[in-house]
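Visitor: Structure file entry25.txt (compact mmCIF, C-alpha atoms) is given on the next line.
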```txt
# COMPACT_ATOMS: atom_id res chain seq x y z
CA MET A 27 41.99 24.94 23.90
CA ASN A 28 44.67 23.30 26.01
CA PRO A 29 46.86 26.17 27.35
CA ALA A 30 50.06 24.30 26.46
CA LEU A 31 48.89 23.81 22.88
CA ARG A 32 47.86 27.46 22.70
CA SER A 33 51.35 28.40 23.92
CA LEU A 34 52.95 26.20 21.26
CA LEU A 35 50.82 27.73 18.51
CA ASP A 36 51.81 31.20 19.73
CA LEU A 37 55.47 30.11 19.62
CA LEU A 38 55.07 29.06 15.99
CA ASP A 39 53.23 32.26 14.99
CA LEU A 40 56.11 34.38 13.70
CA GLU A 41 56.27 38.16 13.60
CA ARG A 42 56.73 39.59 10.11
CA ILE A 43 59.30 42.37 10.28
CA GLU A 44 59.91 42.76 6.52
CA ARG A 45 58.50 41.27 3.33
CA ASP A 46 60.64 38.10 3.60
CA ILE A 47 62.05 38.47 7.13
CA PHE A 48 60.38 37.00 10.21
CA ARG A 49 61.18 36.88 13.91
CA GLY A 50 60.38 34.02 16.26
CA GLN A 51 60.75 33.59 19.99
CA SER A 52 62.33 30.60 21.73
CA ARG A 53 62.01 28.66 24.93
CA TYR A 54 64.00 26.09 26.86
CA ALA A 55 63.47 22.41 26.13
CA VAL A 56 64.73 19.48 28.19
CA VAL A 57 68.21 21.01 28.09
CA PRO A 58 68.96 24.76 28.17
CA ARG A 59 68.99 24.98 24.40
CA VAL A 60 66.44 25.59 21.69
CA PHE A 61 64.58 22.44 20.61
CA GLY A 62 65.53 21.56 17.03
CA GLY A 63 61.94 20.74 16.09
CA GLN A 64 60.94 24.26 17.08
CA VAL A 65 63.47 25.86 14.73
CA ALA A 66 62.52 23.54 11.84
CA ALA A 67 58.82 24.25 12.37
CA GLN A 68 59.32 28.02 12.60
CA ALA A 69 61.47 28.02 9.45
CA LEU A 70 58.72 26.15 7.61
CA VAL A 71 56.18 28.72 8.81
CA ALA A 72 58.41 31.50 7.43
CA ALA A 73 58.72 29.75 4.07
CA GLY A 74 55.00 28.99 3.90
CA ARG A 75 54.02 32.60 4.47
CA THR A 76 55.71 33.61 1.22
CA VAL A 77 53.91 30.95 -0.86
CA PRO A 78 50.43 31.14 -2.50
CA GLY A 79 47.74 29.42 -0.43
CA ASP A 80 46.99 26.81 -3.09
CA ARG A 81 50.52 25.37 -2.86
CA HIS A 82 51.18 22.96 -0.04
CA ALA A 83 54.48 21.80 1.43
CA HIS A 84 55.63 18.49 -0.02
CA SER A 85 59.25 18.34 1.21
CA LEU A 86 61.88 19.97 3.39
CA HIS A 87 65.61 19.44 3.81
CA ALA A 88 67.39 21.05 6.75
CA TYR A 89 70.78 21.32 8.44
CA PHE A 90 71.39 22.21 12.08
CA LEU A 91 74.48 24.42 12.04
CA ARG A 92 74.93 25.80 15.56
CA PRO A 93 73.19 25.46 18.92
CA GLY A 94 70.49 28.06 19.52
CA ASP A 95 70.15 30.47 22.42
CA PRO A 96 66.67 30.14 23.99
CA GLY A 97 67.03 33.56 25.58
CA ALA A 98 67.19 35.39 22.28
CA PRO A 99 64.81 35.71 19.29
CA ILE A 100 65.60 33.96 16.02
CA VAL A 101 65.43 35.88 12.74
CA TYR A 102 64.33 33.92 9.66
CA THR A 103 65.25 35.25 6.21
CA VAL A 104 63.43 33.71 3.23
CA ASP A 105 64.90 33.55 -0.28
CA ARG A 106 62.31 33.13 -3.04
CA ILE A 107 64.32 30.68 -5.10
CA ARG A 108 61.69 29.72 -7.66
CA ASP A 109 58.00 30.17 -8.47
CA GLY A 110 57.10 27.73 -11.23
CA ARG A 111 53.79 26.71 -12.72
CA SER A 112 53.42 23.78 -10.30
CA PHE A 113 56.23 24.06 -7.76
CA THR A 114 57.54 26.79 -5.48
CA THR A 115 60.95 26.59 -3.79
CA ARG A 116 62.08 28.57 -0.76
CA ARG A 117 65.32 28.72 1.20
CA VAL A 118 65.32 29.88 4.84
CA VAL A 119 68.28 30.86 7.01
CA ALA A 120 67.77 31.21 10.78
CA VAL A 121 70.13 33.69 12.43
CA GLN A 122 71.01 34.43 16.06
CA HIS A 123 73.68 36.80 17.32
CA GLY A 124 74.79 37.48 13.74
CA GLN A 125 75.43 33.81 12.89
CA PRO A 126 73.37 31.24 10.96
CA VAL A 127 72.15 28.48 13.26
CA PHE A 128 69.86 26.60 10.87
CA HIS A 129 69.28 26.24 7.13
CA LEU A 130 66.13 24.89 5.45
CA SER A 131 65.05 24.33 1.86
CA ALA A 132 61.36 23.65 1.30
CA SER A 133 59.29 22.88 -1.77
CA PHE A 134 55.56 23.49 -2.28
CA GLN A 135 53.25 22.14 -4.99
CA THR A 136 49.77 22.73 -6.34
CA TYR A 137 47.49 19.69 -6.09
CA GLU A 138 47.39 17.38 -9.10
CA GLU A 139 46.26 13.85 -9.91
CA GLY A 140 48.89 11.17 -10.47
CA LEU A 141 50.03 7.59 -9.94
CA GLU A 142 49.15 6.14 -6.55
CA HIS A 143 50.74 3.50 -4.32
CA GLN A 144 52.20 3.30 -0.81
CA ALA A 145 53.97 1.03 1.65
CA PRO A 146 51.41 -0.67 3.91
CA MET A 147 50.98 0.46 7.49
CA PRO A 148 52.74 -1.93 9.92
CA PRO A 149 50.92 -3.56 12.82
CA ALA A 150 50.64 -1.28 15.85
CA PRO A 151 48.66 -1.24 19.10
CA ASP A 152 45.61 0.97 19.49
CA PRO A 153 46.87 4.33 20.80
CA GLU A 154 43.99 4.57 23.27
CA THR A 155 45.30 1.43 25.03
CA LEU A 156 48.80 2.86 25.59
CA PRO A 157 49.93 4.83 28.65
CA THR A 158 50.16 8.59 28.32
CA SER A 159 53.48 10.35 28.81
CA GLN A 160 52.39 11.31 32.32
CA GLU A 161 51.49 7.73 33.21
CA ARG A 162 54.72 6.33 31.81
CA MET A 163 57.14 8.97 33.09
CA ARG A 164 55.77 8.95 36.64
CA GLY A 165 56.96 5.36 36.98
CA TYR A 166 60.59 6.09 36.12
CA ASP A 167 62.13 6.36 39.56
CA HIS A 168 65.61 5.94 38.05
CA LEU A 169 65.36 9.35 36.38
CA PRO A 170 66.04 12.54 38.36
CA ARG A 171 62.85 14.38 39.23
CA GLN A 172 63.85 17.51 37.31
CA VAL A 173 64.36 15.44 34.15
CA VAL A 174 60.90 13.90 34.49
CA GLU A 175 59.33 17.32 35.04
CA ARG A 176 61.07 18.77 31.99
CA PHE A 177 59.92 15.84 29.86
CA LEU A 178 56.33 16.21 31.00
CA GLU A 179 56.36 19.95 30.44
CA ALA A 180 57.65 19.41 26.90
CA ARG A 181 54.81 16.94 26.23
CA GLU A 182 51.90 19.05 27.48
CA ALA A 183 51.03 20.34 23.98
CA VAL A 184 51.36 16.92 22.32
CA ASP A 185 49.78 13.61 23.34
CA LEU A 186 52.66 11.23 22.59
CA ARG A 187 52.45 7.53 23.47
CA TYR A 188 55.17 4.90 23.05
CA ALA A 189 54.11 1.41 21.92
CA ASP A 190 56.98 -0.01 24.01
CA GLU A 191 59.38 1.29 26.65
CA PRO A 192 61.44 4.24 25.34
CA PRO A 193 65.25 4.01 25.57
CA TYR A 194 65.40 5.89 28.86
CA GLY A 195 62.71 3.63 30.34
CA ARG A 196 64.53 0.32 29.82
CA PHE A 197 68.20 0.17 28.91
CA GLY A 198 71.33 -1.90 29.48
CA GLU A 199 70.72 -4.56 26.82
CA PRO A 200 70.41 -4.08 23.03
CA ARG A 201 66.93 -4.22 21.54
CA GLU A 202 65.63 -4.24 17.99
CA PRO A 203 66.39 -0.83 16.41
CA HIS A 204 62.70 -0.13 15.91
CA SER A 205 60.35 2.18 17.77
CA GLN A 206 56.69 3.11 17.38
CA VAL A 207 55.04 6.22 18.76
CA TRP A 208 51.49 7.50 18.35
CA PHE A 209 51.04 11.27 18.57
CA ARG A 210 48.50 14.05 18.07
CA ALA A 211 48.09 17.65 19.14
CA ASN A 212 46.60 17.84 22.63
CA GLY A 213 43.46 19.65 21.45
CA LYS A 214 41.40 20.35 18.34
CA LEU A 215 42.68 22.65 15.61
CA ASP A 216 39.60 24.36 14.25
CA GLY A 217 38.29 27.75 13.26
CA ASP A 218 40.66 30.29 11.74
CA ILE A 219 43.78 28.31 12.67
CA ASP A 220 42.70 25.15 10.81
CA GLU A 221 44.99 25.53 7.80
CA PRO A 222 46.97 22.78 5.98
CA LEU A 223 50.30 24.46 6.76
CA LEU A 224 49.66 24.32 10.52
CA HIS A 225 49.18 20.54 10.48
CA VAL A 226 52.42 20.11 8.51
CA VAL A 227 54.28 22.46 10.85
CA LEU A 228 53.11 20.62 13.97
CA ALA A 229 54.16 17.26 12.49
CA THR A 230 57.57 18.79 11.73
CA TYR A 231 57.85 19.94 15.35
CA VAL A 232 57.06 16.47 16.73
CA SER A 233 59.22 14.62 14.19
CA ASP A 234 62.41 15.70 15.97
CA MET A 235 61.32 14.33 19.36
CA THR A 236 61.96 10.60 19.00
CA LEU A 237 63.55 9.77 15.64
CA LEU A 238 66.96 8.74 16.96
CA ASP A 239 65.49 6.50 19.67
CA SER A 240 66.01 3.47 17.44
CA VAL A 241 69.75 4.17 17.31
CA LEU A 242 69.87 4.03 21.10
CA LEU A 243 67.78 0.85 21.28
CA ALA A 244 70.23 -1.02 19.04
CA HIS A 245 72.97 -0.48 21.61
CA GLY A 246 71.03 -0.69 24.86
CA ARG A 247 71.61 2.97 25.58
CA GLY A 248 69.21 5.04 27.65
CA GLY A 249 70.06 8.29 25.93
CA TRP A 250 70.73 11.81 26.96
CA ALA A 251 68.25 11.63 29.82
CA VAL A 252 70.41 9.10 31.68
CA GLY A 253 73.77 10.37 30.47
CA ASP A 254 75.13 7.30 28.69
CA VAL A 255 75.40 9.05 25.30
CA VAL A 256 75.81 12.60 24.06
CA GLY A 257 74.50 13.70 20.71
CA ALA A 258 73.34 16.34 18.29
CA SER A 259 71.01 16.46 15.31
CA LEU A 260 72.88 17.10 12.08
CA ASP A 261 70.31 17.11 9.30
CA HIS A 262 66.61 16.41 8.85
CA ALA A 263 64.46 15.67 5.79
CA MET A 264 60.71 15.17 5.39
CA TRP A 265 58.40 14.36 2.48
CA PHE A 266 54.68 15.08 2.88
CA HIS A 267 52.83 12.56 0.71
CA ARG A 268 49.15 12.89 1.61
CA PRO A 269 46.93 15.26 3.61
CA PHE A 270 46.59 14.56 7.33
CA ARG A 271 45.47 16.23 10.53
CA ALA A 272 47.89 16.80 13.38
CA ASP A 273 45.02 16.73 15.89
CA GLU A 274 44.18 13.13 14.97
CA TRP A 275 46.29 10.06 15.81
CA LEU A 276 49.41 9.57 13.68
CA LEU A 277 51.66 6.51 13.91
CA TYR A 278 55.39 7.33 13.85
CA ASP A 279 57.10 4.07 12.84
CA GLN A 280 60.88 4.53 13.26
CA GLU A 281 63.99 2.44 12.70
CA SER A 282 67.75 2.81 12.42
CA PRO A 283 69.56 1.10 9.53
CA SER A 284 73.05 2.25 10.53
CA ALA A 285 75.32 3.78 13.14
CA HIS A 286 79.00 4.42 12.39
CA GLY A 287 81.70 7.00 12.90
CA GLY A 288 79.98 8.71 15.81
CA ARG A 289 76.79 9.18 13.77
CA GLY A 290 73.45 7.38 13.77
CA LEU A 291 70.75 7.36 11.12
CA GLY A 292 67.03 7.26 11.84
CA GLN A 293 64.35 6.79 9.22
CA ALA A 294 60.59 6.67 9.65
CA ARG A 295 57.14 6.68 8.13
CA ILE A 296 54.15 8.47 9.59
CA TYR A 297 50.69 7.00 8.96
CA THR A 298 47.19 8.21 9.65
CA GLN A 299 45.12 5.94 11.89
CA ASP A 300 43.23 4.61 8.87
CA GLY A 301 46.48 3.46 7.23
CA ARG A 302 47.39 6.22 4.76
CA LEU A 303 51.11 6.97 4.43
CA ALA A 304 51.30 10.69 5.21
CA ILE A 305 55.00 11.49 5.74
CA SER A 306 58.48 10.00 5.30
CA VAL A 307 61.30 11.24 7.57
CA ILE A 308 65.08 10.76 7.71
CA GLN A 309 67.51 12.25 10.22
CA GLU A 310 71.18 11.77 10.99
CA GLY A 311 72.71 12.80 14.27
CA VAL A 312 75.92 12.67 16.22
CA VAL A 313 75.69 9.83 18.77
CA ARG A 314 78.77 9.49 20.96
CA VAL A 315 79.60 7.48 24.06
CA PRO A 316 80.91 9.78 26.83
CA ARG A 317 84.65 9.72 27.30
CA SER A 318 84.20 8.15 30.72
CA GLY A 319 83.30 4.99 28.80
CA LYS A 320 80.68 3.97 31.35
CA PRO A 321 78.23 1.40 29.99
CA ALA A 322 74.49 1.91 29.69
CA GLY A 323 72.85 2.05 33.06
CA ALA A 324 76.10 2.71 34.92
CA GLN A 325 75.18 6.29 35.52
CA CYS A 326 71.74 7.85 35.87
CA ARG A 327 71.74 11.60 35.67
CA GLY A 328 69.99 14.38 33.86
CA PRO A 329 71.32 16.11 30.79
CA SER A 330 74.52 18.01 31.47
CA PRO A 331 74.23 21.77 31.26
CA GLY A 332 76.06 23.30 28.34
CA PRO A 333 76.37 26.50 26.39
CA PRO A 334 73.08 28.00 25.28
CA GLY A 335 72.23 26.26 22.34
CA PRO A 336 68.62 24.90 17.56
CA ALA A 337 69.05 22.05 19.79
CA GLY A 338 67.74 19.44 22.18
CA THR A 339 64.72 17.26 21.88
CA PRO A 340 61.97 16.92 24.45
CA SER A 341 62.40 13.16 24.35
CA SER A 342 66.15 12.91 24.63
CA GLY A 343 67.66 16.13 25.82
CA ARG A 344 70.15 16.13 22.97
CA SER A 345 71.40 19.17 21.14
CA THR A 346 71.72 20.04 17.50
CA GLY A 347 74.86 20.93 15.66
CA GLY A 348 78.03 18.91 15.70
```
Please, can you express the file's structure as structure tokens?

Guide:
Amino acid sequence: MNPALRSLLDLLDLERIERDIFRGQSRYAVVPRVFGGQVAAQALVAAGRTVPGDRHAHSLHAYFLRPGDPGAPIVYTVDRIRDGRSFTTRRVVAVQHGQPVFHLSASFQTYEEGLEHQAPMPPAPDPETLPTSQERMRGYDHLPRQVVERFLEAREAVDLRYADEPPYGRFGEPREPHSQVWFRANGKLDGDIDEPLLHVVLATYVSDMTLLDSVLLAHGRGGWAVGDVVGASLDHAMWFHRPFRADEWLLYDQESPSAHGGRGLGQARIYTQDGRLAISVIQEGVVRVPRSGKPAGAQCRGPSPGPPGPAGTPSSGRSTGG
């Protein structure tokens, strides 16, 4: 297995320290803060480990409350809210240094037959024809070398390919607030680890990487990597509609319907390569223009250091919590 993927799986494999209490480790992302997708994924692991194996995650709703410290473990406490005949509900609070940094509610359901329809998969290029992160990032001479290296390190466990230039690749003029990304785990998930929860958890991890890109595109902003906006994830919701594999290509079709009041909204659908709608995602984040007021492209720098902080995304270097 790819060492980076093995490292990510180890990161998501929580230590059980009591019946409903778990401990997870952290690591730095693009900025010196905990990546928000990591905290969401770990919280879902904690919730899933208190649920019968025949009940699979069908939704999660989360709030990023404070930035996370990557140098300290995170303790996840699970409340068993409800165990019904078909549905199980769990609430998870992530705590660091005595304070809650993240809150998640998740629901699980036994399989049952029902009505069936879905939105059709939009047109998208073949992922195998698109440049890898390494191929694309190596051509961005306008980005500081340390930013490029951090981005590439964050992408070693996940093969993520943009259908078009990401915000930090081409900025300065507004574009359509729509972005497409293909992704899959950078290695096969088989043997003892091949469980439905793992695929859902990995998709949750990746879902926080690029969702607010479409907000930046609408305004010609390059993002946190070039320093023309600052931002933070506020809340995140996902609905898991159909089974999928995180080690097979998934299309992440993203758009932004609104930005106002220092906040931007991203919404997306994730499809399997054969066109099945697997996941719906919505996230709102703080998106602010720096007080210097410099326009997009006027300043190219890496993410500014800040207090240790669930936070940042491998794609943007942003932090969570307002």

Visitor: Pick out the residues sitting within 12 Å of Pro222 in chain A, and hand them over as a VMD selection string; count all atoms listed in the file, and ignore anything fewer than 5 positions along from it in its own chain.

Guide: chain A and resid 71 74 79 to 84 134 215 to 216 227 to 229 266 268 to 273

Visitor: Calculated over all atoms listed in the file, which of the candidates A:Gln293, A:Ser240, A:Gln299, A:Asn28 has the smallest distance to Asp261 in chain A?

Guide: A:Gln293

Visitor: Calculated over only C-alpha atoms, which of the candidates A:Gln135, A:Ser306, A:Gln68, A:Gln160 has the smallest distance to Val118 in chain A?

Guide: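 Between A:Gln135, A:Ser306, A:Gln68, A:Gln160, the residue approaching Val118 in chain A most closely is A:Gln68.
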
Visitor: Within 12 Å of Glu161 in chain A, counting all atoms listed in the file, which residues show up once you throw out same-chain ones fewer than 4 positions away? Write them as a CSV table (one decimal) with C-alpha atoms, in the frame of the given file, please.

Guide:
```csv
chain,number,residue,atom,x,y,z
A,156,LEU,CA,48.8,2.9,25.6
A,157,PRO,CA,49.9,4.8,28.6
A,165,GLY,CA,57.0,5.4,37.0
A,166,TYR,CA,60.6,6.1,36.1
A,174,VAL,CA,60.9,13.9,34.5
A,178,LEU,CA,56.3,16.2,31.0
A,185,ASP,CA,49.8,13.6,23.3
A,186,LEU,CA,52.7,11.2,22.6
A,187,ARG,CA,52.4,7.5,23.5
A,188,TYR,CA,55.2,4.9,23.0
```

Visitor: Select, from A:Gly94, A:Gly246, A:Gly213, A:Pro170, the residue with the minimum atom-to-atom distance to Arg196 in chain A, counting all atoms listed in the file.

Guide: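 Ranked by minimum distance to Arg196 in chain A, first place goes to A:Gly246.
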
Visitor: Any idea what's packed within 8 Å of Gln309 in chain A, counting only C-alpha atoms, ignoring anything in its chain fewer than 4 positions away? Could you give it as a ChimeraX atom specification?

Guide: /A:237-238,259-263,291-293

Visitor: Out of A:Ser159, A:Gln125, A:Ser233, A:Gln172, which residue has the shortest atom-to-atom distance to Glu191 in chain A when counting all atoms listed in the file?

Guide: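 Comparing A:Ser159, A:Gln125, A:Ser233, A:Gln172 against Glu191 in chain A, the winner is A:Ser159.
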
Visitor: Report, as JSON, the axis-aligned box around all atoms of range 155-169 of chain A present in the file, extended by 3 Å on each side; give centre and edge lengths in Å to one decimal place.

Guide:
```
{"center_x": 55.5, "center_y": 6.4, "center_z": 32.3, "size_x": 26.3, "size_y": 15.9, "size_z": 20.5}
```

Visitor: What is the distance between CA of Arg210 in chain A and CA of His225 in chain A, in Å to one decimal?

Guide: 10.0 Å

Visitor: Got a sec: who's within 6 Å of Leu276 in chain A, counting all atoms listed in the file, leaving out chain neighbours fewer than 4 positions off, as a ChimeraX atom specification?

Guide: /A:208-209,297-299

Visitor: State, in Å with one decimal place, the distance from CA of Pro146 in chain A to CA of Tyr89 in chain A.

Guide: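 CA of Tyr89 in chain A lies 29.7 Å from CA of Pro146 in chain A.
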
Visitor: Mind giving me the straight-line distance from CA of Tyr231 in chain A to CA of Pro316 in chain A in Å, one decimal?

Guide: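 The value is 27.7 Å.
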
Visitor: Using all atoms listed in the file, which of A:Gly288, A:Gly110, A:Pro283, A:Pro192 sits nearest Met235 in chain A?

Guide: A:Pro192
